[in-house]
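Shown next: query_23.tsv, containing TSV, C-alpha atoms.
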```
chain	number	residue	atom	x	y	z
A	273	MET	CA	32.18	33.82	-38.49
A	274	PRO	CA	29.53	35.13	-36.05
A	275	SER	CA	26.37	36.48	-37.64
A	276	ARG	CA	26.79	39.80	-35.82
A	277	GLU	CA	29.65	41.91	-34.55
A	278	LEU	CA	29.01	42.80	-30.92
A	279	ALA	CA	31.01	45.35	-28.95
A	280	PHE	CA	30.91	43.38	-25.70
A	281	PRO	CA	31.68	39.85	-24.46
A	282	VAL	CA	28.91	37.26	-24.75
A	283	PHE	CA	28.19	34.68	-22.04
A	284	ASP	CA	25.57	32.09	-22.98
A	285	ALA	CA	24.02	30.87	-19.72
A	286	ASP	CA	22.23	27.91	-21.32
A	287	ASN	CA	24.29	25.53	-23.47
A	288	HIS	CA	24.03	21.76	-23.44
A	289	LEU	CA	26.28	18.78	-23.91
A	290	TYR	CA	25.06	15.42	-25.15
A	291	GLU	CA	26.18	12.59	-22.91
A	292	SER	CA	27.79	9.41	-24.15
A	293	ARG	CA	26.27	6.03	-23.41
A	294	GLU	CA	28.65	5.52	-20.45
A	295	ALA	CA	27.91	8.86	-18.77
A	296	LEU	CA	25.66	7.38	-16.08
A	297	THR	CA	27.30	3.96	-15.85
A	298	LYS	CA	31.09	4.21	-16.10
A	299	PHE	CA	31.66	5.29	-12.51
A	300	LEU	CA	28.71	3.63	-10.77
A	301	PRO	CA	29.75	1.87	-7.55
A	302	ASP	CA	29.10	-1.85	-7.32
A	303	ARG	CA	26.06	-1.32	-5.10
A	304	ALA	CA	24.39	0.69	-7.89
A	305	LYS	CA	25.33	-1.50	-10.85
A	306	GLY	CA	22.32	-2.25	-12.98
A	307	ALA	CA	20.39	0.87	-11.97
A	308	ILE	CA	21.01	2.26	-15.47
A	309	ASP	CA	21.18	0.16	-18.60
A	310	TYR	CA	20.41	0.30	-22.31
A	311	ILE	CA	18.26	-2.03	-24.40
A	312	GLU	CA	17.36	-2.38	-28.08
A	313	VAL	CA	13.65	-2.05	-28.83
A	314	LYS	CA	12.62	-2.54	-32.46
A	315	GLY	CA	15.97	-1.28	-33.66
A	316	ARG	CA	16.09	1.74	-31.34
A	317	THR	CA	18.23	2.07	-28.26
A	318	LYS	CA	16.34	2.96	-25.08
A	319	ILE	CA	17.59	3.76	-21.61
A	320	VAL	CA	16.41	1.50	-18.80
A	321	VAL	CA	16.15	2.94	-15.29
A	322	ARG	CA	15.78	0.32	-12.57
A	323	GLY	CA	14.26	-2.14	-15.00
A	324	HIS	CA	11.82	0.32	-16.59
A	325	ILE	CA	12.26	1.48	-20.19
A	326	SER	CA	12.14	5.27	-20.33
A	327	ASP	CA	10.86	7.35	-23.25
A	328	TYR	CA	11.60	10.64	-21.48
A	329	ILE	CA	14.39	11.30	-23.97
A	330	PRO	CA	13.54	9.65	-27.31
A	331	ASN	CA	17.15	8.94	-28.32
A	332	PRO	CA	19.25	8.66	-25.15
A	333	THR	CA	22.46	7.75	-27.00
A	334	PHE	CA	22.33	11.11	-28.85
A	335	ASP	CA	24.01	9.49	-31.86
A	336	VAL	CA	21.30	11.11	-33.97
A	337	VAL	CA	19.71	14.34	-32.74
A	338	ALA	CA	17.40	17.12	-33.82
A	339	ARG	CA	19.10	20.08	-35.45
A	340	PRO	CA	19.87	23.10	-33.26
A	341	GLY	CA	16.95	25.51	-33.36
A	342	ALA	CA	14.65	23.13	-35.23
A	343	GLN	CA	11.64	24.37	-33.22
A	344	GLU	CA	12.53	28.06	-33.20
A	345	ASP	CA	9.78	29.07	-35.61
A	346	TYR	CA	7.28	26.94	-33.67
A	347	PHE	CA	8.07	28.76	-30.42
A	348	ARG	CA	8.11	32.17	-32.05
A	349	ASN	CA	5.01	31.88	-34.20
A	350	GLY	CA	3.05	28.87	-33.01
A	351	ASN	CA	1.77	26.27	-35.44
A	352	PRO	CA	-0.99	27.90	-37.55
A	353	GLU	CA	-0.58	25.30	-40.30
A	354	GLY	CA	-1.13	22.41	-37.90
A	355	LYS	CA	2.15	20.69	-38.75
A	356	THR	CA	2.93	17.34	-37.21
A	357	TYR	CA	5.70	16.96	-34.66
A	358	ARG	CA	7.91	15.34	-37.30
A	359	GLU	CA	7.26	18.19	-39.75
A	360	ILE	CA	8.16	20.77	-37.10
A	361	MET	CA	11.37	18.98	-36.14
A	362	GLY	CA	12.57	18.45	-39.70
A	363	ASP	CA	15.37	16.08	-40.65
A	364	PRO	CA	17.65	14.99	-37.79
A	365	MET	CA	21.44	15.03	-37.92
A	366	LYS	CA	24.27	12.87	-36.70
A	367	SER	CA	25.97	14.14	-33.57
A	368	ILE	CA	29.12	16.12	-34.18
A	369	PRO	CA	32.19	16.31	-31.91
A	370	ALA	CA	31.13	19.75	-30.64
A	371	PHE	CA	28.14	18.14	-28.92
A	372	ARG	CA	30.42	15.70	-27.08
A	373	GLU	CA	33.87	17.29	-26.57
A	374	PRO	CA	35.00	20.64	-25.14
A	375	ALA	CA	37.85	21.32	-27.59
A	376	ALA	CA	35.54	20.93	-30.58
A	377	ARG	CA	32.88	22.95	-28.78
A	378	LEU	CA	35.23	25.90	-28.33
A	379	LYS	CA	35.75	26.10	-32.09
A	380	VAL	CA	31.99	26.17	-32.66
A	381	MET	CA	31.58	28.78	-29.92
A	382	ASP	CA	34.05	30.99	-31.79
A	383	ASP	CA	32.03	30.55	-34.99
A	384	LEU	CA	28.83	31.41	-33.10
A	385	GLY	CA	30.30	34.46	-31.39
A	386	LEU	CA	30.15	33.04	-27.85
A	387	ASP	CA	32.97	33.94	-25.48
A	388	TYR	CA	31.74	31.87	-22.51
A	389	SER	CA	29.07	29.30	-21.81
A	390	LEU	CA	27.44	27.36	-19.02
A	391	MET	CA	27.29	23.75	-20.15
A	392	PHE	CA	24.38	21.70	-18.78
A	393	PRO	CA	23.96	17.94	-19.11
A	394	THR	CA	20.91	16.69	-21.00
A	395	LEU	CA	20.35	13.15	-19.72
A	396	ALA	CA	20.64	14.09	-16.05
A	397	SER	CA	17.09	15.42	-15.92
A	398	LEU	CA	15.57	11.94	-15.89
A	399	VAL	CA	17.54	10.56	-12.91
A	400	GLU	CA	16.10	11.95	-9.68
A	401	GLU	CA	12.39	11.53	-10.34
A	402	ARG	CA	12.79	7.88	-11.33
A	403	MET	CA	14.73	7.03	-8.17
A	404	LYS	CA	12.93	9.18	-5.63
A	405	ASP	CA	12.12	6.23	-3.36
A	406	ASP	CA	15.85	5.45	-2.99
A	407	PRO	CA	17.76	8.64	-2.05
A	408	ASP	CA	21.08	6.85	-1.58
A	409	LEU	CA	20.84	5.50	-5.12
A	410	ILE	CA	20.17	9.01	-6.42
A	411	HIS	CA	23.35	10.24	-4.75
A	412	ASP	CA	25.33	7.32	-6.20
A	413	VAL	CA	24.12	7.89	-9.77
A	414	ILE	CA	24.56	11.66	-9.61
A	415	HIS	CA	28.12	11.30	-8.34
A	416	ALA	CA	28.87	8.87	-11.16
A	417	LEU	CA	27.54	11.40	-13.68
A	418	ASN	CA	29.67	14.16	-12.14
A	419	GLN	CA	32.77	11.97	-12.35
A	420	TRP	CA	32.10	11.34	-16.04
A	421	MET	CA	31.39	15.03	-16.69
A	422	HIS	CA	34.61	16.12	-15.01
A	423	GLU	CA	36.65	13.51	-16.90
A	424	THR	CA	35.12	14.44	-20.25
A	425	TRP	CA	34.49	18.19	-20.02
A	426	SER	CA	36.09	19.35	-16.75
A	427	PHE	CA	34.15	21.96	-14.79
A	428	ASP	CA	36.23	24.85	-16.12
A	429	TYR	CA	37.58	24.30	-19.62
A	430	GLU	CA	40.11	26.97	-20.57
A	431	GLY	CA	38.21	29.57	-18.61
A	432	ARG	CA	35.42	29.58	-21.21
A	433	ILE	CA	33.24	26.47	-20.83
A	434	PHE	CA	31.82	25.89	-17.36
A	435	ALA	CA	30.15	22.49	-17.10
A	436	THR	CA	27.62	22.31	-14.28
A	437	PRO	CA	27.91	19.32	-11.96
A	438	VAL	CA	24.66	18.16	-10.40
A	439	ILE	CA	23.88	18.23	-6.69
A	440	THR	CA	20.99	16.18	-5.35
A	441	LEU	CA	19.74	17.14	-1.88
A	442	PRO	CA	17.91	14.20	-0.24
A	443	ILE	CA	20.72	13.50	2.26
A	444	VAL	CA	22.21	16.86	3.18
A	445	ASP	CA	25.53	15.47	4.41
A	446	ARG	CA	26.04	13.67	1.12
A	447	ALA	CA	25.06	16.84	-0.77
A	448	LEU	CA	27.73	18.75	1.15
A	449	GLU	CA	30.31	16.07	0.37
A	450	GLU	CA	29.38	16.24	-3.33
A	451	LEU	CA	29.59	20.01	-3.32
A	452	GLU	CA	33.08	19.91	-1.81
A	453	TRP	CA	34.16	17.33	-4.39
A	454	CYS	CA	32.92	19.59	-7.19
A	455	LEU	CA	34.50	22.73	-5.75
A	456	GLU	CA	37.85	21.01	-5.41
A	457	ARG	CA	37.69	20.38	-9.16
A	458	GLY	CA	36.91	23.92	-10.17
A	459	ALA	CA	33.11	24.06	-10.38
A	460	ARG	CA	31.82	27.62	-10.87
A	461	THR	CA	28.19	26.70	-10.25
A	462	VAL	CA	26.17	23.58	-9.45
A	463	LEU	CA	22.85	22.35	-10.78
A	464	VAL	CA	19.95	21.70	-8.38
A	465	ARG	CA	16.62	20.39	-9.69
A	466	PRO	CA	13.73	22.85	-9.16
A	467	ALA	CA	11.54	20.30	-7.42
A	468	PRO	CA	10.55	18.93	-4.03
A	469	VAL	CA	13.43	17.01	-2.47
A	470	PRO	CA	12.73	13.26	-2.20
A	471	GLY	CA	13.51	11.44	1.02
A	472	TYR	CA	12.91	8.22	2.91
A	473	ARG	CA	9.96	9.83	4.70
A	474	GLY	CA	8.47	11.59	1.69
A	475	SER	CA	9.41	14.77	-0.13
A	476	ARG	CA	9.90	18.25	1.32
A	477	SER	CA	10.86	21.80	0.40
A	478	PHE	CA	14.51	22.79	0.03
A	479	GLY	CA	13.48	26.14	1.49
A	480	LEU	CA	13.32	24.57	4.96
A	481	PRO	CA	16.10	25.18	7.52
A	482	GLU	CA	17.46	21.64	7.23
A	483	PHE	CA	18.97	22.63	3.87
A	484	ASP	CA	20.61	25.84	5.11
A	485	PRO	CA	24.02	24.15	5.54
A	486	PHE	CA	24.04	23.47	1.80
A	487	TRP	CA	22.92	26.95	0.80
A	488	ASP	CA	25.44	28.48	3.20
A	489	ALA	CA	28.23	26.33	1.77
A	490	CYS	CA	27.42	27.69	-1.70
A	491	VAL	CA	27.51	31.23	-0.33
A	492	GLN	CA	30.85	30.61	1.39
A	493	ALA	CA	32.24	29.18	-1.86
A	494	GLY	CA	31.04	32.25	-3.75
A	495	ILE	CA	29.12	30.28	-6.36
A	496	PRO	CA	25.55	30.63	-7.63
A	497	VAL	CA	23.16	27.68	-7.73
A	498	SER	CA	21.68	26.93	-11.16
A	499	MET	CA	18.13	25.63	-11.42
A	500	HIS	CA	17.44	24.41	-14.94
A	501	ALA	CA	14.08	23.09	-16.15
A	502	SER	CA	13.89	19.36	-15.53
A	503	ASP	CA	11.47	16.57	-14.73
A	504	SER	CA	10.24	18.04	-11.45
A	505	GLY	CA	7.72	15.30	-10.76
A	506	TYR	CA	4.57	17.13	-11.78
A	507	ASN	CA	3.36	14.30	-13.96
A	508	GLU	CA	2.04	12.74	-10.76
A	509	PHE	CA	-0.29	15.69	-10.21
A	510	LEU	CA	-1.35	16.03	-13.83
A	511	SER	CA	-2.17	12.33	-13.99
A	512	ALA	CA	-4.97	12.90	-11.50
A	513	TRP	CA	-6.74	14.74	-14.35
A	514	GLU	CA	-5.33	12.92	-17.36
A	515	PRO	CA	-3.95	9.47	-16.47
A	516	SER	CA	-0.75	8.56	-18.25
A	517	GLY	CA	2.50	6.73	-17.80
A	518	GLU	CA	5.86	8.46	-17.89
A	519	PHE	CA	6.26	12.20	-18.35
A	520	THR	CA	7.32	12.83	-21.97
A	521	PRO	CA	8.12	16.54	-22.23
A	522	PHE	CA	8.95	16.51	-25.93
A	523	ARG	CA	5.50	15.27	-26.93
A	524	PRO	CA	3.04	16.62	-24.36
A	525	THR	CA	-0.72	16.48	-24.71
A	526	ALA	CA	-2.61	19.76	-24.98
A	527	PHE	CA	-3.78	19.37	-21.39
A	528	ARG	CA	-0.28	18.79	-20.05
A	529	LEU	CA	1.24	21.65	-22.02
A	530	THR	CA	-1.45	24.00	-20.71
A	531	ALA	CA	-1.80	22.78	-17.13
A	532	LEU	CA	1.89	22.32	-16.36
A	533	GLY	CA	2.74	25.86	-17.43
A	534	LYS	CA	5.58	27.15	-15.26
A	535	ARG	CA	4.41	25.50	-12.07
A	536	PRO	CA	7.75	23.88	-11.12
A	537	ILE	CA	9.71	27.14	-11.13
A	538	GLU	CA	6.82	29.07	-9.57
A	539	ASP	CA	6.57	26.59	-6.71
A	540	THR	CA	10.36	26.63	-6.37
A	541	ILE	CA	10.28	30.38	-5.81
A	542	TYR	CA	7.38	30.07	-3.36
A	543	ALA	CA	9.38	27.46	-1.42
A	544	LEU	CA	12.55	29.56	-1.31
A	545	THR	CA	10.70	32.70	-0.18
A	546	CYS	CA	7.80	31.42	1.95
A	547	HIS	CA	10.01	28.87	3.73
A	548	GLY	CA	12.66	31.54	4.25
A	549	ALA	CA	15.79	30.15	2.55
A	550	LEU	CA	16.52	33.36	0.63
A	551	SER	CA	16.12	35.46	3.77
A	552	ARG	CA	18.15	33.23	6.08
A	553	ASN	CA	20.85	33.08	3.37
A	554	PRO	CA	20.71	36.61	1.95
A	555	ASP	CA	23.88	36.24	-0.14
A	556	LEU	CA	22.62	33.11	-1.93
A	557	ARG	CA	22.33	33.55	-5.68
A	558	ILE	CA	19.95	31.44	-7.78
A	559	LEU	CA	20.14	31.16	-11.57
A	560	SER	CA	16.81	30.23	-13.15
A	561	ILE	CA	17.66	28.72	-16.54
A	562	GLU	CA	15.29	27.59	-19.31
A	563	ASN	CA	12.27	28.32	-17.16
A	564	GLY	CA	11.37	31.48	-19.07
A	565	ALA	CA	10.20	34.61	-17.26
A	566	ASP	CA	6.55	35.23	-18.09
A	567	TRP	CA	5.63	33.64	-14.74
A	568	ILE	CA	7.26	36.43	-12.73
A	569	PRO	CA	4.35	38.94	-12.72
A	570	HIS	CA	1.99	36.25	-11.41
A	571	VAL	CA	4.49	35.16	-8.76
A	572	PHE	CA	5.07	38.74	-7.64
A	573	HIS	CA	1.33	39.31	-7.37
A	574	ALA	CA	0.83	36.13	-5.36
A	575	LEU	CA	3.73	36.81	-3.01
A	576	SER	CA	2.71	40.45	-2.49
A	577	ASP	CA	-0.85	39.43	-1.71
A	578	THR	CA	0.24	36.80	0.83
A	579	TYR	CA	2.82	39.13	2.40
A	580	ALA	CA	0.15	41.81	2.86
A	581	LYS	CA	-2.11	39.32	4.64
A	582	MET	CA	0.51	37.36	6.60
A	583	PRO	CA	3.59	39.57	7.10
A	584	ALA	CA	4.59	37.77	10.30
A	585	GLU	CA	5.13	34.58	8.27
A	586	PHE	CA	8.03	36.17	6.39
A	587	LEU	CA	11.47	37.30	7.50
A	588	GLU	CA	11.35	40.11	4.92
A	589	ASP	CA	9.40	41.28	1.89
A	590	PRO	CA	9.56	38.24	-0.42
A	591	ILE	CA	9.74	40.42	-3.53
A	592	GLU	CA	12.87	42.09	-2.20
A	593	ALA	CA	14.35	38.68	-1.43
A	594	PHE	CA	13.66	37.57	-5.00
A	595	LYS	CA	15.16	40.70	-6.54
A	596	ARG	CA	18.31	40.32	-4.47
A	597	CYS	CA	18.88	36.61	-4.95
A	598	VAL	CA	17.40	35.42	-8.26
A	599	TYR	CA	18.77	35.79	-11.79
A	600	VAL	CA	16.48	34.88	-14.68
A	601	SER	CA	17.11	33.74	-18.25
A	602	PRO	CA	14.00	34.67	-20.28
A	603	PHE	CA	12.90	33.01	-23.47
A	604	TRP	CA	13.60	35.17	-26.51
A	605	GLU	CA	9.91	35.67	-27.29
A	606	GLU	CA	9.19	37.32	-23.93
A	607	ASN	CA	8.92	41.02	-23.02
A	608	PHE	CA	12.39	42.15	-21.97
A	609	LYS	CA	11.43	45.71	-21.13
A	610	GLU	CA	8.75	44.50	-18.75
A	611	LEU	CA	11.11	42.00	-17.16
A	612	ALA	CA	13.92	44.50	-16.72
A	613	GLY	CA	11.42	46.82	-15.09
A	614	LEU	CA	10.30	44.11	-12.69
A	615	VAL	CA	13.59	42.58	-11.58
A	616	GLY	CA	16.23	45.00	-12.89
A	617	ALA	CA	18.55	44.52	-15.87
A	618	ASP	CA	21.26	43.36	-13.45
A	619	ARG	CA	19.26	40.17	-12.84
A	620	VAL	CA	18.55	39.15	-16.45
A	621	VAL	CA	20.88	36.81	-18.37
A	622	PHE	CA	21.02	35.48	-21.91
A	623	GLY	CA	20.61	31.77	-22.65
A	624	SER	CA	20.15	30.16	-26.07
A	625	ASP	CA	19.64	26.45	-25.18
A	626	TRP	CA	22.06	25.53	-27.99
A	627	PRO	CA	22.15	22.89	-29.49
A	628	HIS	CA	18.69	21.74	-28.41
A	629	PRO	CA	15.92	21.96	-31.02
A	630	GLU	CA	13.83	24.30	-28.86
A	631	GLY	CA	16.73	26.74	-28.65
A	632	LEU	CA	18.27	29.20	-31.08
A	633	ALA	CA	20.25	28.00	-34.10
A	634	ASP	CA	22.18	31.29	-34.03
A	635	PRO	CA	22.54	32.11	-30.31
A	636	ILE	CA	23.64	35.73	-30.59
A	637	SER	CA	20.54	36.58	-32.64
A	638	TYR	CA	19.03	36.85	-29.13
A	639	VAL	CA	20.44	40.40	-29.08
A	640	ASP	CA	17.88	41.43	-31.70
A	641	ASP	CA	15.08	40.83	-29.21
A	642	LEU	CA	16.71	43.25	-26.78
A	643	ALA	CA	16.27	46.19	-29.17
A	644	GLY	CA	14.95	49.23	-27.34
A	645	LEU	CA	16.80	48.56	-24.08
A	646	PRO	CA	19.69	50.86	-23.11
A	647	ALA	CA	23.04	49.78	-24.58
A	648	ASP	CA	24.52	49.21	-21.12
A	649	ASP	CA	21.63	46.91	-20.20
A	650	ILE	CA	22.03	44.91	-23.42
A	651	ALA	CA	25.72	44.37	-22.65
A	652	LYS	CA	24.86	43.22	-19.12
A	653	ILE	CA	22.19	40.78	-20.28
A	654	MET	CA	24.29	39.31	-23.09
A	655	GLY	CA	27.32	38.69	-20.92
A	656	GLY	CA	28.25	41.16	-18.23
A	657	ASN	CA	25.91	39.85	-15.54
A	658	MET	CA	27.12	36.26	-15.92
A	659	MET	CA	30.77	37.30	-16.06
A	660	ARG	CA	30.34	39.18	-12.80
A	661	LEU	CA	28.39	36.36	-11.16
A	662	LEU	CA	30.87	33.63	-12.13
A	663	LYS	CA	33.92	35.90	-11.73
A	664	VAL	CA	35.31	35.40	-15.22
A	665	GLY	CA	37.07	37.67	-17.70
A	666	ASP	CA	37.43	41.20	-16.37
A	667	HIS	CA	35.66	40.13	-13.18
A	668	ALA	CA	38.02	37.25	-12.31
A	669	GLY	CA	39.82	37.30	-8.97
```

Before anything else, please render the file you have as structure tokens.
Amino acid sequence: MPSRELAFPVFDADNHLYESREALTKFLPDRAKGAIDYIEVKGRTKIVVRGHISDYIPNPTFDVVARPGAQEDYFRNGNPEGKTYREIMGDPMKSIPAFREPAARLKVMDDLGLDYSLMFPTLASLVEERMKDDPDLIHDVIHALNQWMHETWSFDYEGRIFATPVITLPIVDRALEELEWCLERGARTVLVRPAPVPGYRGSRSFGLPEFDPFWDACVQAGIPVSMHASDSGYNEFLSAWEPSGEFTPFRPTAFRLTALGKRPIEDTIYALTCHGALSRNPDLRILSIENGADWIPHVFHALSDTYAKMPAEFLEDPIEAFKRCVYVSPFWEENFKELAGLVGADRVVFGSDWPHPEGLADPISYVDDLAGLPADDIAKIMGGNMMRLLKVGDHAG
């Protein structure tokens, strides 16, 4: 039974599935065979990307995982006792069917009090950055993942679980083909990495006009674009100050935790506004998921300051473009009243990150942190905004 009785539908905008070992390999075309593999290292299975062993995700088979919400107290209250990473994480658990299969997940959603959920992959976040010098390979691997995801989860399971296929943007024509493939199979949103787009001639901003055909296609399809925290490539910049190998987000150094901050999502918003994508595509809707929201006041200040000094560089007030186009899922420890005042309650959505350890063990406990907001706003944040955006439930059709 749910921990709370709520008088409105609940739509969790940040749930995760755990991929099986074949998720990235089962549907790989012959030309991409061998790009992804697994190897045993001292009794532990590691994923190998183009011949390089990755520690980005410590246990990429997900046979054994951290318990949902294991780090909740750490994120709420810090670590005044100086606990080790292992002490914070606690004892792991074996994966259960609900982490791997939609039917089992629905039963758990009922127990948790969730009516709907966006279901994001977990392993996908390591793909693009590790293949950025080979855009065609990125497209091949991403399509293979989408094929597996559709076969295993579908993109619309019983009108309640909406798995998010991934779109990579290096070759716009291939991105459009992938988008059409996903739409034909019922996708309600697609996942785009908040990062510079890699290409054969270097990386570039997806706010530039060359990407407008993709953004317009999303608008014409009536779907939002989800941008979930990922490996956005910032390890390259941080390594200029603190040299290191691979980005390992689950065990960052103090410098990396401090210096990285929210730079990927901040720069994403600067790219979309300063390079004009939100203004040239005014009906585009962006979902910022698991990026928090405490960066928004700083971004608004920076954009306002630049707009005041260089108004001719913008097609419109960038703050107005943001408020029209961007939906934000804040972390539960953030100031909801301040956020609702900045962007409007219509642009705030609830996400628990279940079953990841940094998420909430009891997703609907999120509602407790909304205390003090008007009842109508709480209902919007906990479900109404997402239902309207994805056209589900009372907002279908």

Using all atoms listed in the file, list the residues that have an atom at most 12 Å from (24.6, 48.2, -23.6), coordinates as in the file, as a PDB file with C-alpha atoms, keeping the file's coordinate frame.
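Output saved as part_14.pdb:
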```pdb
ATOM      1  CA  LEU A 278      29.010  42.800 -30.920  1.00  0.00           C
ATOM      2  CA  ALA A 279      31.010  45.350 -28.950  1.00  0.00           C
ATOM      3  CA  PHE A 280      30.910  43.380 -25.700  1.00  0.00           C
ATOM      4  CA  PRO A 281      31.680  39.850 -24.460  1.00  0.00           C
ATOM      5  CA  VAL A 282      28.910  37.260 -24.750  1.00  0.00           C
ATOM      6  CA  ALA A 617      18.550  44.520 -15.870  1.00  0.00           C
ATOM      7  CA  ASP A 618      21.260  43.360 -13.450  1.00  0.00           C
ATOM      8  CA  VAL A 639      20.440  40.400 -29.080  1.00  0.00           C
ATOM      9  CA  LEU A 642      16.710  43.250 -26.780  1.00  0.00           C
ATOM     10  CA  ALA A 643      16.270  46.190 -29.170  1.00  0.00           C
ATOM     11  CA  GLY A 644      14.950  49.230 -27.340  1.00  0.00           C
ATOM     12  CA  LEU A 645      16.800  48.560 -24.080  1.00  0.00           C
ATOM     13  CA  PRO A 646      19.690  50.860 -23.110  1.00  0.00           C
ATOM     14  CA  ALA A 647      23.040  49.780 -24.580  1.00  0.00           C
ATOM     15  CA  ASP A 648      24.520  49.210 -21.120  1.00  0.00           C
ATOM     16  CA  ASP A 649      21.630  46.910 -20.200  1.00  0.00           C
ATOM     17  CA  ILE A 650      22.030  44.910 -23.420  1.00  0.00           C
ATOM     18  CA  ALA A 651      25.720  44.370 -22.650  1.00  0.00           C
ATOM     19  CA  LYS A 652      24.860  43.220 -19.120  1.00  0.00           C
ATOM     20  CA  ILE A 653      22.190  40.780 -20.280  1.00  0.00           C
ATOM     21  CA  MET A 654      24.290  39.310 -23.090  1.00  0.00           C
ATOM     22  CA  GLY A 655      27.320  38.690 -20.920  1.00  0.00           C
ATOM     23  CA  GLY A 656      28.250  41.160 -18.230  1.00  0.00           C
ATOM     24  CA  ASN A 657      25.910  39.850 -15.540  1.00  0.00           C
TER      25      ASN A 657
END
```

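Minimum atom-to-atom distance to Glu585 (chain A), evaluated using only C-alpha atoms, belongs to A:Ser551 out of A:Asn563, A:Thr540, A:Thr525, A:Ser551.
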
Go ahead and compute the interatomic distance for CA of Val464 (chain A) and CA of Val399 (chain A), in Å to one decimal.
12.3 Å

For a cutoff of 7 Å around the file-coordinate point (24.1, 27.9, -8.1), which residues qualify once you count all atoms listed in the file? I'd like the result as a ChimeraX atom specification.
/A:461-463,495-498,557-559

Residue nearest Thr520 (chain A) - candidates A:Pro481, A:Pro330, A:Pro369, A:Gly474, atoms counted: only C-alpha atoms:
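So, comparing all the options, the nearest one is A:Pro330.
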
Quick one: distance from CA of Leu587 (chain A) to CA of Leu480 (chain A) in Å, one decimal?
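Going from CA of Leu587 (chain A) over to CA of Leu480 (chain A), I get 13.1 Å.
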
Report as a Markdown table the residues of region 596-620 of chain A within 12 Å of region 285-304 of chain A, each with its shortest atom pair and distance in Å (one decimal), using all atoms listed in the file, ordered by chain and increasing residue number.
```
| residue | atom | partner | partner_atom | distance |
| --- | --- | --- | --- | --- |
| A:Tyr599 | CA | A:Ala285 | CA | 10.7 |
| A:Val600 | CA | A:Ala285 | CA | 9.9 |
| A:Ser601 | CA | A:Ala285 | CA | 7.6 |
| A:Pro602 | CA | A:Asp286 | CA | 10.7 |
| A:Phe603 | CA | A:Asp286 | CA | 10.8 |
| A:Val620 | CA | A:Ala285 | CA | 10.4 |
```
